[in-house]
Amino acid sequence: MIRFALSAALALVLPLTVACGGKEDEPGGGGEPIAAGPQLDPQVVAQANEIYVQRCTPCHGETGRGDGAASSTLNPKPRDFNDAAWQKSITDEHIEKIIKMGGQAVGKSAAMPSNPDLMNRHQVVAALKEKVRSFARK
Ligand code: HEC
């Protein structure tokens, strides 16, 4: 009888846990806080990921370490986005500006290209910035 009651309870609890799992951030629950700013559309995030792979990986590398195939010819080299101290030192605005306007616009290497086509695609730029931020959370 007790065993029956236990398994009946489990049968009730398990699907509930599964159904609730990963749905919403519970207050005080684990997980990294999502950076302030607009909630990003998953489609926009997918676009930004694609852009990162196509345009950024050659220099910044797949894991943001600045070790892409073209990076060896660069001086200065792209920094390591995994560097938590750098992440803390830099604003979201700086990251978004350099992505849109290139290195020269923020007093950095002109080798970091501008992306004029992203100038008015604020959500995509925000998602790219989040991508850059995400490397420090690995
Ligand atoms: C041709 C190589 C190249 C490509 C392509 C490139 N970058 Fe860069 N990027 C650089 C270099 C070099 C720097 C470092 C500039 C410096 O320190 O003076 C840099 C700097 C940056 C910085 C700022 C780092 C800092 O210290 O302020 C960010 C953010 C960044 N890139 C993001 C991107 C993103 C996102 C893309 C793709 C849309 C991209 N980069 C494409 C070469 C590149």
# chains A, B, ... in the order shown; residues from 1 in each chain; ligands from 1
>>> residues_around(residues="Ala111 (chain A)", least_positions_apart="5", cutoff="9 Å", atoms="only C-alpha atoms", output="mmCIF file with N, CA and C atoms, in the first residue's frame")
data_model
loop_
_atom_site.group_PDB
_atom_site.id
_atom_site.type_symbol
_atom_site.label_atom_id
_atom_site.label_comp_id
_atom_site.auth_asym_id
_atom_site.auth_seq_id
_atom_site.Cartn_x
_atom_site.Cartn_y
_atom_site.Cartn_z
ATOM 1 N N LEU A 74 47.164 40.072 -37.676
ATOM 2 C CA LEU A 74 46.691 41.328 -37.079
ATOM 3 C C LEU A 74 47.627 41.836 -35.990
ATOM 4 N N ASN A 75 47.766 43.159 -35.967
ATOM 5 C CA ASN A 75 48.541 43.790 -34.908
ATOM 6 C C ASN A 75 47.925 45.164 -34.613
ATOM 7 N N PRO A 76 47.308 45.417 -33.490
ATOM 8 C CA PRO A 76 47.152 44.492 -32.359
ATOM 9 C C PRO A 76 46.191 43.362 -32.684
ATOM 10 N N GLY A 102 33.100 50.219 -36.301
ATOM 11 C CA GLY A 102 34.468 49.769 -36.509
ATOM 12 C C GLY A 102 35.435 50.305 -35.472
ATOM 13 N N GLY A 103 36.646 49.761 -35.475
ATOM 14 C CA GLY A 103 37.648 50.083 -34.459
ATOM 15 C C GLY A 103 38.057 51.542 -34.440
ATOM 16 N N GLN A 104 38.236 52.095 -35.648
ATOM 17 C CA GLN A 104 38.745 53.463 -35.733
ATOM 18 C C GLN A 104 37.824 54.456 -35.003
#
>>> residues_near_ligand(ligand="ligand 1", cutoff="7 Å", atoms="only C-alpha atoms and all ligand atoms", output="PyMOL selection string")
chain A and resi 51-52+55-60+70-71+74-79+94-95+98-99+103+108-109+111-113+115+128-129+132
>>> select_by_dssp(residues="region 86-121 of chain A", states="helix (DSSP H, G or I)", output="MDAnalysis selection string")
chainID A and resid 86:89 92:101 104:106 116:118
